Amino acid sequence: MTTDLVPSDSPDRLRADMVSELRRGGWIRSPAVESAFAKVPRDRFAPEAPPHAAYAANDVVITKRGPNGRATSSISAPWLQADMLEAAELRPGVKVLEIGSGGYNAALIAEIVGPGGLVVTIDIDPFVTERASRFLAQTGYGRVKVVLGDAEHAADQHAPDGGFDAVIVTVGVWDVPWGHLLAPDGRMIVPLRFSTISRSFTFVREGGHFLGLDPEVCGFVPCQGAGKLPDQEPVLADGAVRLTLEIGPTLDAAALDRALTGDRTELWTGVTVGGEEPFDSLHLRIATVDDRFGMFWQDPDRDTGLVQPAMRWYCPALITRDSFAYLTIRRQRGTEGRWEFGASGHGRDGAELAHRLHDHVCTWDHAWRDRPEPAFTLHPADADVPAPAIGRIFRKRHTQLVMSWPDT
């Protein structure tokens, strides 16, 4: 197809432009993935979005929301889908299990594995599976097997002999109950939650456990059913702010809401960061050493004037029953494009939490900021796993995720 002859706002032209952008950004790295993105019509799986939004390389398309307005189903951003498909190293004829069904990603997988492969996609929501089945049939990918069920258990009934060559999870999960379904040389691509942190891992088998390769910061609609996230999530300021804590005491939402509008303790660290400079290892380091670690969220479309989180969507925090402190930020005086980290504490224990968060940031800056990030391994829940010299074991129902920092 010669794109010069196609209108700039047509789906074909928008799809070609999206592919070019994904290739330039390094998200598409192989001819097979490029060909799939070039062929599968993403707009046909997202009729609720105008074509230019459906083909935006960096944006998700929300396809369903719950009563509270939160997304319960979406089509992931193309850059993330491309990155996950590249990590899976798919090839013609392989067998793939997808957890979470939107239809579009399953069509991309089917295009790569071809008619000789197998694609099974599972979702707990009949709204999702019905539209996925319909859109897949309409676009020529009716050979994809769409299953309505709770993936915690339903996947076992559809595993082929020898297992799946790849398991690709497209919802945020807290545990990984699918390792036994994977072929010996297979790969699992999993956006896994631990201590409220989300990373997309590529898991490959090594003996009796899995290595977690290339953790990528990500965000996905959370899993429903038996595998749902175990978080406490009190909502503050009429929904403009929320906190997330995975373990710890039962949170008092009313007290936390009062704390948000009460007196606060604000401390500044002298630690700075550039506008495009990553600091993801700060989250990991605090979660390693402090059980009170959680996340602070502000609706970016509802500025209450009460808070200034360091990150637009989510932000590291320390949380107790009725108090919290979150990472804040301000422009550094006398510099261009640098920002200083601070800690804002609220509630009865807010001052102590702010001082502790302040100290975590300073320790990370002088002792951990320039070190390699930790390694991750995934083990069965009943395995005897030695504690890492520097790190933490996150214990789950089916597995244990071990985070181990290098000691030099």
# chains A, B, ... in the order shown; residues from 1 in each chain; ligands from 1

call {"tool": "residues_around", "arguments": {"residues": "segment 144-147 of chain A", "least_positions_apart": "6", "cutoff": "8 Å", "atoms": "only C-alpha atoms", "output": "list in words"}}
result
Ser101, Ala106, Ala107, Ala110, Leu118, Val119, Val120, Thr121, Ile122, Asp123, Thr129, Ala132, Ser133 and Leu136 of chain A

call {"tool": "write_last_selection", "arguments": {"atoms": "all heavy atoms", "output": "JSON list (two decimals), in the first residue's frame"}}
result
[["chain", "number", "residue", "atom", "x", "y", "z"],
["A", 101, "SER", "N", -9.02, -10.65, 27.70],
["A", 101, "SER", "CA", -9.39, -10.67, 26.29],
["A", 101, "SER", "C", -9.96, -9.33, 25.86],
["A", 101, "SER", "O", -10.99, -8.90, 26.38],
["A", 101, "SER", "CB", -10.45, -11.74, 26.03],
["A", 101, "SER", "OG", -10.00, -13.01, 26.41],
["A", 106, "ALA", "N", -5.18, -10.63, 20.83],
["A", 106, "ALA", "CA", -5.29, -12.01, 20.37],
["A", 106, "ALA", "C", -5.17, -12.10, 18.86],
["A", 106, "ALA", "O", -4.58, -13.06, 18.32],
["A", 106, "ALA", "CB", -6.62, -12.60, 20.83],
["A", 107, "ALA", "N", -5.71, -11.10, 18.15],
["A", 107, "ALA", "CA", -5.58, -11.08, 16.69],
["A", 107, "ALA", "C", -4.12, -10.89, 16.28],
["A", 107, "ALA", "O", -3.64, -11.53, 15.32],
["A", 107, "ALA", "CB", -6.45, -9.97, 16.10],
["A", 110, "ALA", "N", -2.51, -14.20, 16.79],
["A", 110, "ALA", "CA", -2.92, -15.15, 15.76],
["A", 110, "ALA", "C", -2.24, -14.86, 14.43],
["A", 110, "ALA", "O", -1.89, -15.78, 13.68],
["A", 110, "ALA", "CB", -4.44, -15.09, 15.60],
["A", 118, "LEU", "N", -1.94, -22.10, 17.85],
["A", 118, "LEU", "CA", -3.13, -22.12, 18.71],
["A", 118, "LEU", "C", -3.12, -20.87, 19.58],
["A", 118, "LEU", "O", -2.10, -20.55, 20.21],
["A", 118, "LEU", "CB", -3.11, -23.37, 19.61],
["A", 118, "LEU", "CG", -4.17, -23.42, 20.71],
["A", 118, "LEU", "CD1", -5.57, -23.58, 20.11],
["A", 118, "LEU", "CD2", -3.87, -24.54, 21.69],
["A", 119, "VAL", "N", -4.26, -20.18, 19.63],
["A", 119, "VAL", "CA", -4.41, -19.02, 20.50],
["A", 119, "VAL", "C", -5.66, -19.23, 21.35],
["A", 119, "VAL", "O", -6.76, -19.36, 20.80],
["A", 119, "VAL", "CB", -4.52, -17.70, 19.72],
["A", 119, "VAL", "CG1", -4.60, -16.52, 20.69],
["A", 119, "VAL", "CG2", -3.34, -17.52, 18.77],
["A", 120, "VAL", "N", -5.48, -19.28, 22.66],
["A", 120, "VAL", "CA", -6.58, -19.37, 23.61],
["A", 120, "VAL", "C", -6.58, -18.09, 24.44],
["A", 120, "VAL", "O", -5.56, -17.76, 25.05],
["A", 120, "VAL", "CB", -6.45, -20.60, 24.53],
["A", 120, "VAL", "CG1", -7.59, -20.63, 25.55],
["A", 120, "VAL", "CG2", -6.41, -21.89, 23.72],
["A", 121, "THR", "N", -7.70, -17.37, 24.44],
["A", 121, "THR", "CA", -7.79, -16.14, 25.23],
["A", 121, "THR", "C", -8.95, -16.27, 26.21],
["A", 121, "THR", "O", -10.04, -16.70, 25.84],
["A", 121, "THR", "CB", -7.94, -14.91, 24.32],
["A", 121, "THR", "OG1", -7.98, -13.72, 25.12],
["A", 121, "THR", "CG2", -9.19, -14.97, 23.47],
["A", 122, "ILE", "N", -8.70, -15.91, 27.47],
["A", 122, "ILE", "CA", -9.66, -16.14, 28.56],
["A", 122, "ILE", "C", -9.97, -14.83, 29.27],
["A", 122, "ILE", "O", -9.06, -14.04, 29.56],
["A", 122, "ILE", "CB", -9.09, -17.15, 29.58],
["A", 122, "ILE", "CG1", -8.83, -18.50, 28.91],
["A", 122, "ILE", "CG2", -10.04, -17.34, 30.76],
["A", 122, "ILE", "CD1", -8.22, -19.54, 29.83],
["A", 123, "ASP", "N", -11.25, -14.62, 29.57],
["A", 123, "ASP", "CA", -11.66, -13.46, 30.36],
["A", 123, "ASP", "C", -12.88, -13.83, 31.20],
["A", 123, "ASP", "O", -13.70, -14.66, 30.79],
["A", 123, "ASP", "CB", -11.99, -12.27, 29.46],
["A", 123, "ASP", "CG", -11.91, -10.95, 30.21],
["A", 123, "ASP", "OD1", -12.84, -10.63, 30.97],
["A", 123, "ASP", "OD2", -10.89, -10.25, 30.05],
["A", 129, "THR", "N", -15.75, -11.05, 26.51],
["A", 129, "THR", "CA", -15.58, -12.21, 25.62],
["A", 129, "THR", "C", -16.54, -12.16, 24.44],
["A", 129, "THR", "O", -16.20, -12.57, 23.33],
["A", 129, "THR", "CB", -15.77, -13.52, 26.39],
["A", 129, "THR", "OG1", -17.03, -13.52, 27.07],
["A", 129, "THR", "CG2", -14.66, -13.71, 27.41],
["A", 132, "ALA", "N", -15.05, -9.65, 22.02],
["A", 132, "ALA", "CA", -13.82, -10.20, 21.45],
["A", 132, "ALA", "C", -14.14, -11.24, 20.39],
["A", 132, "ALA", "O", -13.56, -11.23, 19.29],
["A", 132, "ALA", "CB", -12.96, -10.79, 22.56],
["A", 133, "SER", "N", -15.07, -12.16, 20.69],
["A", 133, "SER", "CA", -15.46, -13.18, 19.71],
["A", 133, "SER", "C", -16.02, -12.55, 18.45],
["A", 133, "SER", "O", -15.69, -12.95, 17.32],
["A", 133, "SER", "CB", -16.50, -14.12, 20.33],
["A", 133, "SER", "OG", -15.97, -14.83, 21.42],
["A", 136, "LEU", "N", -13.20, -10.61, 16.48],
["A", 136, "LEU", "CA", -12.25, -11.56, 15.90],
["A", 136, "LEU", "C", -12.85, -12.23, 14.66],
["A", 136, "LEU", "O", -12.17, -12.38, 13.63],
["A", 136, "LEU", "CB", -11.84, -12.61, 16.93],
["A", 136, "LEU", "CG", -10.87, -12.11, 18.01],
["A", 136, "LEU", "CD1", -10.85, -13.07, 19.20],
["A", 136, "LEU", "CD2", -9.46, -11.97, 17.43]]

call {"tool": "select_by_dssp", "arguments": {"residues": "segment 105-205 of chain A", "states": "strand (DSSP E)", "output": "PyMOL selection string"}}
result
chain A and resi 118-123+145-148+164-169+182-194+197-205

call {"tool": "closest_residue", "arguments": {"among": "A:Cys223, A:Val167, A:Leu181, A:Leu80", "to": "Leu97 of chain A", "atoms": "only C-alpha atoms"}}
result
A:Val167

call {"tool": "residues_around", "arguments": {"residues": "segment 394-403 of chain A", "least_positions_apart": "3", "cutoff": "10 Å", "atoms": "only C-alpha atoms", "output": "PyMOL selection string"}}
result
chain A and resi 174-179+192-195+209-212+227+284+288+373-383+385-388+390-391

call {"tool": "residues_around", "arguments": {"residues": "segment 157-163 of chain A", "least_positions_apart": "2", "cutoff": "7 Å", "atoms": "only C-alpha atoms", "output": "list in words"}}
result
Ala154, Ala155, Asp165, Leu181, Leu182 and Ala183 of chain A

call {"tool": "write_last_selection", "arguments": {"atoms": "C-alpha atoms", "output": "PDB file, in the first residue's frame"}}
result
ATOM      1  CA  ALA A 154     -10.216 -22.116  33.603  1.00  0.00           C
ATOM      2  CA  ALA A 155      -6.909 -22.122  31.731  1.00  0.00           C
ATOM      3  CA  ASP A 165       4.791 -22.062  24.333  1.00  0.00           C
ATOM      4  CA  LEU A 181       0.882 -24.859  31.894  1.00  0.00           C
ATOM      5  CA  LEU A 182       4.064 -23.602  30.256  1.00  0.00           C
ATOM      6  CA  ALA A 183       6.183 -25.765  27.932  1.00  0.00           C
TER       7      ALA A 183
END

call {"tool": "select_by_dssp", "arguments": {"residues": "segment 175-301 of chain A", "states": "alpha helix (DSSP H)", "output": "JSON, numbers by chain"}}
result
{"A": [253, 254, 255, 256, 257, 258, 259, 260, 261, 280, 281, 282, 283, 284, 285, 286, 287, 288, 289]}

call {"tool": "write_last_selection", "arguments": {"atoms": "N, CA and C atoms", "output": "mmCIF file, in the first residue's frame"}}
result
data_model
loop_
_atom_site.group_PDB
_atom_site.id
_atom_site.type_symbol
_atom_site.label_atom_id
_atom_site.label_comp_id
_atom_site.auth_asym_id
_atom_site.auth_seq_id
_atom_site.Cartn_x
_atom_site.Cartn_y
_atom_site.Cartn_z
ATOM 1 N N ALA A 253 -10.533 4.758 56.582
ATOM 2 C CA ALA A 253 -10.698 5.690 55.463
ATOM 3 C C ALA A 253 -11.139 7.069 55.940
ATOM 4 N N ALA A 254 -12.031 7.131 56.926
ATOM 5 C CA ALA A 254 -12.507 8.433 57.408
ATOM 6 C C ALA A 254 -11.376 9.225 58.055
ATOM 7 N N ALA A 255 -10.533 8.547 58.856
ATOM 8 C CA ALA A 255 -9.416 9.233 59.505
ATOM 9 C C ALA A 255 -8.395 9.700 58.473
ATOM 10 N N LEU A 256 -8.149 8.894 57.461
ATOM 11 C CA LEU A 256 -7.204 9.275 56.412
ATOM 12 C C LEU A 256 -7.734 10.461 55.610
ATOM 13 N N ASP A 257 -9.041 10.483 55.386
ATOM 14 C CA ASP A 257 -9.647 11.609 54.665
ATOM 15 C C ASP A 257 -9.503 12.894 55.469
ATOM 16 N N ARG A 258 -9.716 12.794 56.779
ATOM 17 C CA ARG A 258 -9.535 13.981 57.635
ATOM 18 C C ARG A 258 -8.074 14.424 57.650
ATOM 19 N N ALA A 259 -7.178 13.439 57.634
ATOM 20 C CA ALA A 259 -5.748 13.757 57.667
ATOM 21 C C ALA A 259 -5.317 14.551 56.435
ATOM 22 N N LEU A 260 -5.941 14.255 55.301
ATOM 23 C CA LEU A 260 -5.565 14.932 54.056
ATOM 24 C C LEU A 260 -5.779 16.435 54.152
ATOM 25 N N THR A 261 -6.842 16.858 54.837
ATOM 26 C CA THR A 261 -7.160 18.284 54.914
ATOM 27 C C THR A 261 -6.673 18.934 56.209
ATOM 28 N N ASP A 280 12.774 4.875 39.040
ATOM 29 C CA ASP A 280 11.973 3.707 39.388
ATOM 30 C C ASP A 280 12.601 2.889 40.507
ATOM 31 N N SER A 281 13.916 2.888 40.586
ATOM 32 C CA SER A 281 14.563 2.081 41.628
ATOM 33 C C SER A 281 14.270 2.615 43.025
ATOM 34 N N LEU A 282 13.850 3.873 43.139
ATOM 35 C CA LEU A 282 13.477 4.409 44.444
ATOM 36 C C LEU A 282 12.287 3.642 45.008
ATOM 37 N N HIS A 283 11.279 3.367 44.173
ATOM 38 C CA HIS A 283 10.126 2.595 44.614
ATOM 39 C C HIS A 283 10.582 1.230 45.139
ATOM 40 N N LEU A 284 11.424 0.572 44.350
ATOM 41 C CA LEU A 284 11.862 -0.775 44.717
ATOM 42 C C LEU A 284 12.655 -0.766 46.008
ATOM 43 N N ARG A 285 13.498 0.240 46.180
ATOM 44 C CA ARG A 285 14.334 0.287 47.378
ATOM 45 C C ARG A 285 13.493 0.505 48.635
ATOM 46 N N ILE A 286 12.514 1.410 48.589
ATOM 47 C CA ILE A 286 11.673 1.646 49.764
ATOM 48 C C ILE A 286 10.857 0.393 50.081
ATOM 49 N N ALA A 287 10.314 -0.259 49.040
ATOM 50 C CA ALA A 287 9.531 -1.480 49.259
ATOM 51 C C ALA A 287 10.372 -2.601 49.844
ATOM 52 N N THR A 288 11.684 -2.564 49.615
ATOM 53 C CA THR A 288 12.576 -3.585 50.162
ATOM 54 C C THR A 288 12.664 -3.499 51.674
ATOM 55 N N VAL A 289 12.647 -2.290 52.210
ATOM 56 C CA VAL A 289 13.003 -2.101 53.621
ATOM 57 C C VAL A 289 11.858 -1.603 54.497
#

call {"tool": "closest_residue", "arguments": {"among": "A:Leu245, A:Ala16, A:Ile28, A:Ile112", "to": "Phe324 of chain A", "atoms": "only C-alpha atoms"}}
result
A:Leu245

call {"tool": "atom_distance", "arguments": {"atom1": "atom CA of His346 of chain A", "atom2": "atom CA of Phe296 of chain A"}}
result
12.2 Å

call {"tool": "atom_distance", "arguments": {"atom1": "atom CA of Asp9 of chain A", "atom2": "atom CA of Phe135 of chain A"}}
result
21.9 Å

call {"tool": "residues_around", "arguments": {"residues": "Ser20 of chain A", "least_positions_apart": "2", "cutoff": "12 Å", "atoms": "only C-alpha atoms", "output": "PyMOL selection string"}}
result
chain A and resi 3+13-18+22-29+34-35+37-38+55-57+78-79

call {"tool": "residues_around", "arguments": {"residues": "Arg331 of chain A", "least_positions_apart": "6", "cutoff": "12 Å", "atoms": "only C-alpha atoms", "output": "list of chain:residue names"}}
result
A:Trp268, A:Gly270, A:Val271, A:Thr272, A:Val273, A:Gly274, A:Gly275, A:Gln308, A:Ala310, A:Gly337, A:Arg338, A:Trp339, A:Glu340, A:Phe341, A:Gly342

call {"tool": "write_last_selection", "arguments": {"atoms": "C-alpha atoms", "output": "PDB file, in the first residue's frame"}}
result
ATOM      1  CA  TRP A 268      12.674  18.724  51.552  1.00  0.00           C
ATOM      2  CA  GLY A 270      17.971  18.272  48.588  1.00  0.00           C
ATOM      3  CA  VAL A 271      17.796  15.242  46.231  1.00  0.00           C
ATOM      4  CA  THR A 272      16.974  16.295  42.682  1.00  0.00           C
ATOM      5  CA  VAL A 273      15.906  14.685  39.434  1.00  0.00           C
ATOM      6  CA  GLY A 274      15.724  15.887  35.852  1.00  0.00           C
ATOM      7  CA  GLY A 275      12.456  16.036  33.971  1.00  0.00           C
ATOM      8  CA  GLN A 308       1.514  17.923  44.898  1.00  0.00           C
ATOM      9  CA  ALA A 310       5.934  13.697  42.530  1.00  0.00           C
ATOM     10  CA  GLY A 337      14.630  21.486  34.398  1.00  0.00           C
ATOM     11  CA  ARG A 338      15.502  19.964  37.778  1.00  0.00           C
ATOM     12  CA  TRP A 339      13.133  19.107  40.596  1.00  0.00           C
ATOM     13  CA  GLU A 340      13.685  18.464  44.290  1.00  0.00           C
ATOM     14  CA  PHE A 341      12.065  15.567  46.137  1.00  0.00           C
ATOM     15  CA  GLY A 342      10.233  16.154  49.383  1.00  0.00           C
TER      16      GLY A 342
END

call {"tool": "closest_residue", "arguments": {"among": "A:Ile197, A:Gly262, A:Ile393, A:Ile168", "to": "Cys315 of chain A", "atoms": "only C-alpha atoms"}}
result
A:Ile197

call {"tool": "atom_distance", "arguments": {"atom1": "atom CA of Ala325 of chain A", "atom2": "atom CA of Arg302 of chain A"}}
result
20.0 Å

call {"tool": "closest_residue", "arguments": {"among": "A:Pro222, A:Gly142, A:Pro126, A:Gly207", "to": "Glu111 of chain A", "atoms": "only C-alpha atoms"}}
result
A:Gly142

call {"tool": "closest_residue", "arguments": {"among": "A:Ala317, A:Val221, A:Leu213, A:Ala343", "to": "Val60 of chain A", "atoms": "only C-alpha atoms"}}
result
A:Val221

call {"tool": "closest_atom_pairs", "arguments": {"of": "segment 58-154 of chain A", "to": "segment 46-52 of chain A", "cutoff": "9 Å", "atoms": "only C-alpha atoms", "output": "CSV"}}
result
residue,atom,partner,partner_atom,distance
A:Val61,CA,A:Ala49,CA,7.0
A:Ile62,CA,A:Glu48,CA,8.5
A:Thr63,CA,A:Glu48,CA,7.2
A:Ile75,CA,A:Ala46,CA,7.8
A:Tyr104,CA,A:Ala46,CA,8.6

call {"tool": "write_last_selection", "arguments": {"atoms": "N, CA, C and O atoms", "output": "tab-separated table (two decimals), in the first residue's frame"}}
result
chain	number	residue	atom	x	y	z
A	61	VAL	N	-7.23	2.42	25.12
A	61	VAL	CA	-8.63	2.67	24.80
A	61	VAL	C	-9.46	1.97	25.87
A	61	VAL	O	-9.39	0.75	26.01
A	62	ILE	N	-10.20	2.74	26.66
A	62	ILE	CA	-11.05	2.17	27.69
A	62	ILE	C	-12.31	1.63	27.02
A	62	ILE	O	-12.99	2.35	26.28
A	63	THR	N	-12.63	0.36	27.28
A	63	THR	CA	-13.80	-0.26	26.66
A	63	THR	C	-14.93	-0.53	27.64
A	63	THR	O	-16.05	-0.80	27.22
A	75	ILE	N	-8.09	-1.72	25.93
A	75	ILE	CA	-7.10	-2.19	24.95
A	75	ILE	C	-5.80	-1.46	25.27
A	75	ILE	O	-5.75	-0.23	25.24
A	104	TYR	N	-8.11	-7.56	20.19
A	104	TYR	CA	-7.05	-7.02	19.32
A	104	TYR	C	-5.72	-7.72	19.55
A	104	TYR	O	-5.06	-8.15	18.60

call {"tool": "residues_around", "arguments": {"residues": "Tyr326 of chain A", "least_positions_apart": "6", "cutoff": "12 Å", "atoms": "only C-alpha atoms", "output": "PyMOL selection string"}}
result
chain A and resi 241-244+260+264-267+283+292-298+307-311+314-320+341-347+350-351+353-358+360-361

call {"tool": "closest_residue", "arguments": {"among": "A:Ala240, A:Ala77, A:Val173, A:Ala32", "to": "Asp299 of chain A", "atoms": "only C-alpha atoms"}}
result
A:Ala240

call {"tool": "decode", "arguments": {"residues": "segment 4-34 of chain A", "atoms": "N, CA and C atoms", "output": "mmCIF file, in the first residue's frame"}}
result
data_model
loop_
_atom_site.group_PDB
_atom_site.id
_atom_site.type_symbol
_atom_site.label_atom_id
_atom_site.label_comp_id
_atom_site.auth_asym_id
_atom_site.auth_seq_id
_atom_site.Cartn_x
_atom_site.Cartn_y
_atom_site.Cartn_z
ATOM 1 N N ASP A 4 1.048 7.468 0.529
ATOM 2 C CA ASP A 4 0.909 8.821 -0.006
ATOM 3 C C ASP A 4 -0.450 9.013 -0.700
ATOM 4 N N LEU A 5 -1.084 7.900 -1.139
ATOM 5 C CA LEU A 5 -2.348 7.969 -1.840
ATOM 6 C C LEU A 5 -3.540 7.765 -0.916
ATOM 7 N N VAL A 6 -3.282 7.581 0.384
ATOM 8 C CA VAL A 6 -4.327 7.310 1.360
ATOM 9 C C VAL A 6 -4.561 8.560 2.199
ATOM 10 N N PRO A 7 -5.822 8.969 2.420
ATOM 11 C CA PRO A 7 -6.088 10.163 3.251
ATOM 12 C C PRO A 7 -5.429 10.043 4.613
ATOM 13 N N SER A 8 -4.964 11.171 5.147
ATOM 14 C CA SER A 8 -4.190 11.156 6.386
ATOM 15 C C SER A 8 -5.008 10.717 7.584
ATOM 16 N N ASP A 9 -6.352 10.836 7.507
ATOM 17 C CA ASP A 9 -7.184 10.453 8.636
ATOM 18 C C ASP A 9 -7.850 9.094 8.448
ATOM 19 N N SER A 10 -7.449 8.350 7.435
ATOM 20 C CA SER A 10 -8.039 7.034 7.210
ATOM 21 C C SER A 10 -7.399 6.019 8.155
ATOM 22 N N PRO A 11 -8.138 4.953 8.551
ATOM 23 C CA PRO A 11 -7.555 3.934 9.417
ATOM 24 C C PRO A 11 -6.280 3.314 8.843
ATOM 25 N N ASP A 12 -6.245 3.098 7.522
ATOM 26 C CA ASP A 12 -5.046 2.499 6.924
ATOM 27 C C ASP A 12 -3.826 3.396 7.103
ATOM 28 N N ARG A 13 -4.008 4.703 6.883
ATOM 29 C CA ARG A 13 -2.891 5.633 7.020
ATOM 30 C C ARG A 13 -2.491 5.761 8.497
ATOM 31 N N LEU A 14 -3.479 5.832 9.377
ATOM 32 C CA LEU A 14 -3.188 5.928 10.804
ATOM 33 C C LEU A 14 -2.465 4.685 11.304
ATOM 34 N N ARG A 15 -2.856 3.533 10.787
ATOM 35 C CA ARG A 15 -2.192 2.286 11.195
ATOM 36 C C ARG A 15 -0.743 2.275 10.713
ATOM 37 N N ALA A 16 -0.503 2.698 9.504
ATOM 38 C CA ALA A 16 0.861 2.757 8.986
ATOM 39 C C ALA A 16 1.715 3.731 9.789
ATOM 40 N N ASP A 17 1.130 4.871 10.161
ATOM 41 C CA ASP A 17 1.873 5.842 10.960
ATOM 42 C C ASP A 17 2.194 5.279 12.345
ATOM 43 N N MET A 18 1.236 4.549 12.937
ATOM 44 C CA MET A 18 1.471 3.937 14.239
ATOM 45 C C MET A 18 2.629 2.940 14.166
ATOM 46 N N VAL A 19 2.634 2.129 13.136
ATOM 47 C CA VAL A 19 3.715 1.142 12.981
ATOM 48 C C VAL A 19 5.060 1.838 12.855
ATOM 49 N N SER A 20 5.115 2.906 12.086
ATOM 50 C CA SER A 20 6.368 3.644 11.933
ATOM 51 C C SER A 20 6.844 4.206 13.267
ATOM 52 N N GLU A 21 5.898 4.745 14.045
ATOM 53 C CA GLU A 21 6.268 5.299 15.346
ATOM 54 C C GLU A 21 6.757 4.205 16.299
ATOM 55 N N LEU A 22 6.094 3.058 16.294
ATOM 56 C CA LEU A 22 6.518 1.952 17.167
ATOM 57 C C LEU A 22 7.889 1.424 16.758
ATOM 58 N N ARG A 23 8.158 1.426 15.481
ATOM 59 C CA ARG A 23 9.466 0.975 15.004
ATOM 60 C C ARG A 23 10.552 1.977 15.395
ATOM 61 N N ARG A 24 10.280 3.266 15.214
ATOM 62 C CA ARG A 24 11.258 4.288 15.587
ATOM 63 C C ARG A 24 11.547 4.275 17.081
ATOM 64 N N GLY A 25 10.518 4.014 17.890
ATOM 65 C CA GLY A 25 10.689 3.987 19.335
ATOM 66 C C GLY A 25 11.349 2.732 19.864
ATOM 67 N N GLY A 26 11.587 1.752 18.988
ATOM 68 C CA GLY A 26 12.232 0.518 19.427
ATOM 69 C C GLY A 26 11.283 -0.506 20.012
ATOM 70 N N TRP A 27 9.971 -0.237 19.971
ATOM 71 C CA TRP A 27 9.018 -1.195 20.534
ATOM 72 C C TRP A 27 8.789 -2.343 19.567
ATOM 73 N N ILE A 28 8.752 -2.055 18.289
ATOM 74 C CA ILE A 28 8.746 -3.114 17.274
ATOM 75 C C ILE A 28 10.180 -3.379 16.858
ATOM 76 N N ARG A 29 10.592 -4.641 16.979
ATOM 77 C CA ARG A 29 11.990 -4.993 16.695
ATOM 78 C C ARG A 29 12.134 -6.153 15.717
ATOM 79 N N SER A 30 11.043 -6.758 15.323
ATOM 80 C CA SER A 30 11.132 -7.923 14.438
ATOM 81 C C SER A 30 10.139 -7.775 13.287
ATOM 82 N N PRO A 31 10.444 -8.391 12.143
ATOM 83 C CA PRO A 31 9.513 -8.332 11.001
ATOM 84 C C PRO A 31 8.158 -8.947 11.322
ATOM 85 N N ALA A 32 8.121 -10.016 12.138
ATOM 86 C CA ALA A 32 6.851 -10.687 12.421
ATOM 87 C C ALA A 32 5.902 -9.781 13.189
ATOM 88 N N VAL A 33 6.417 -9.092 14.206
ATOM 89 C CA VAL A 33 5.569 -8.199 14.990
ATOM 90 C C VAL A 33 5.171 -6.984 14.149
ATOM 91 N N GLU A 34 6.089 -6.473 13.359
ATOM 92 C CA GLU A 34 5.765 -5.339 12.498
ATOM 93 C C GLU A 34 4.661 -5.703 11.516
#
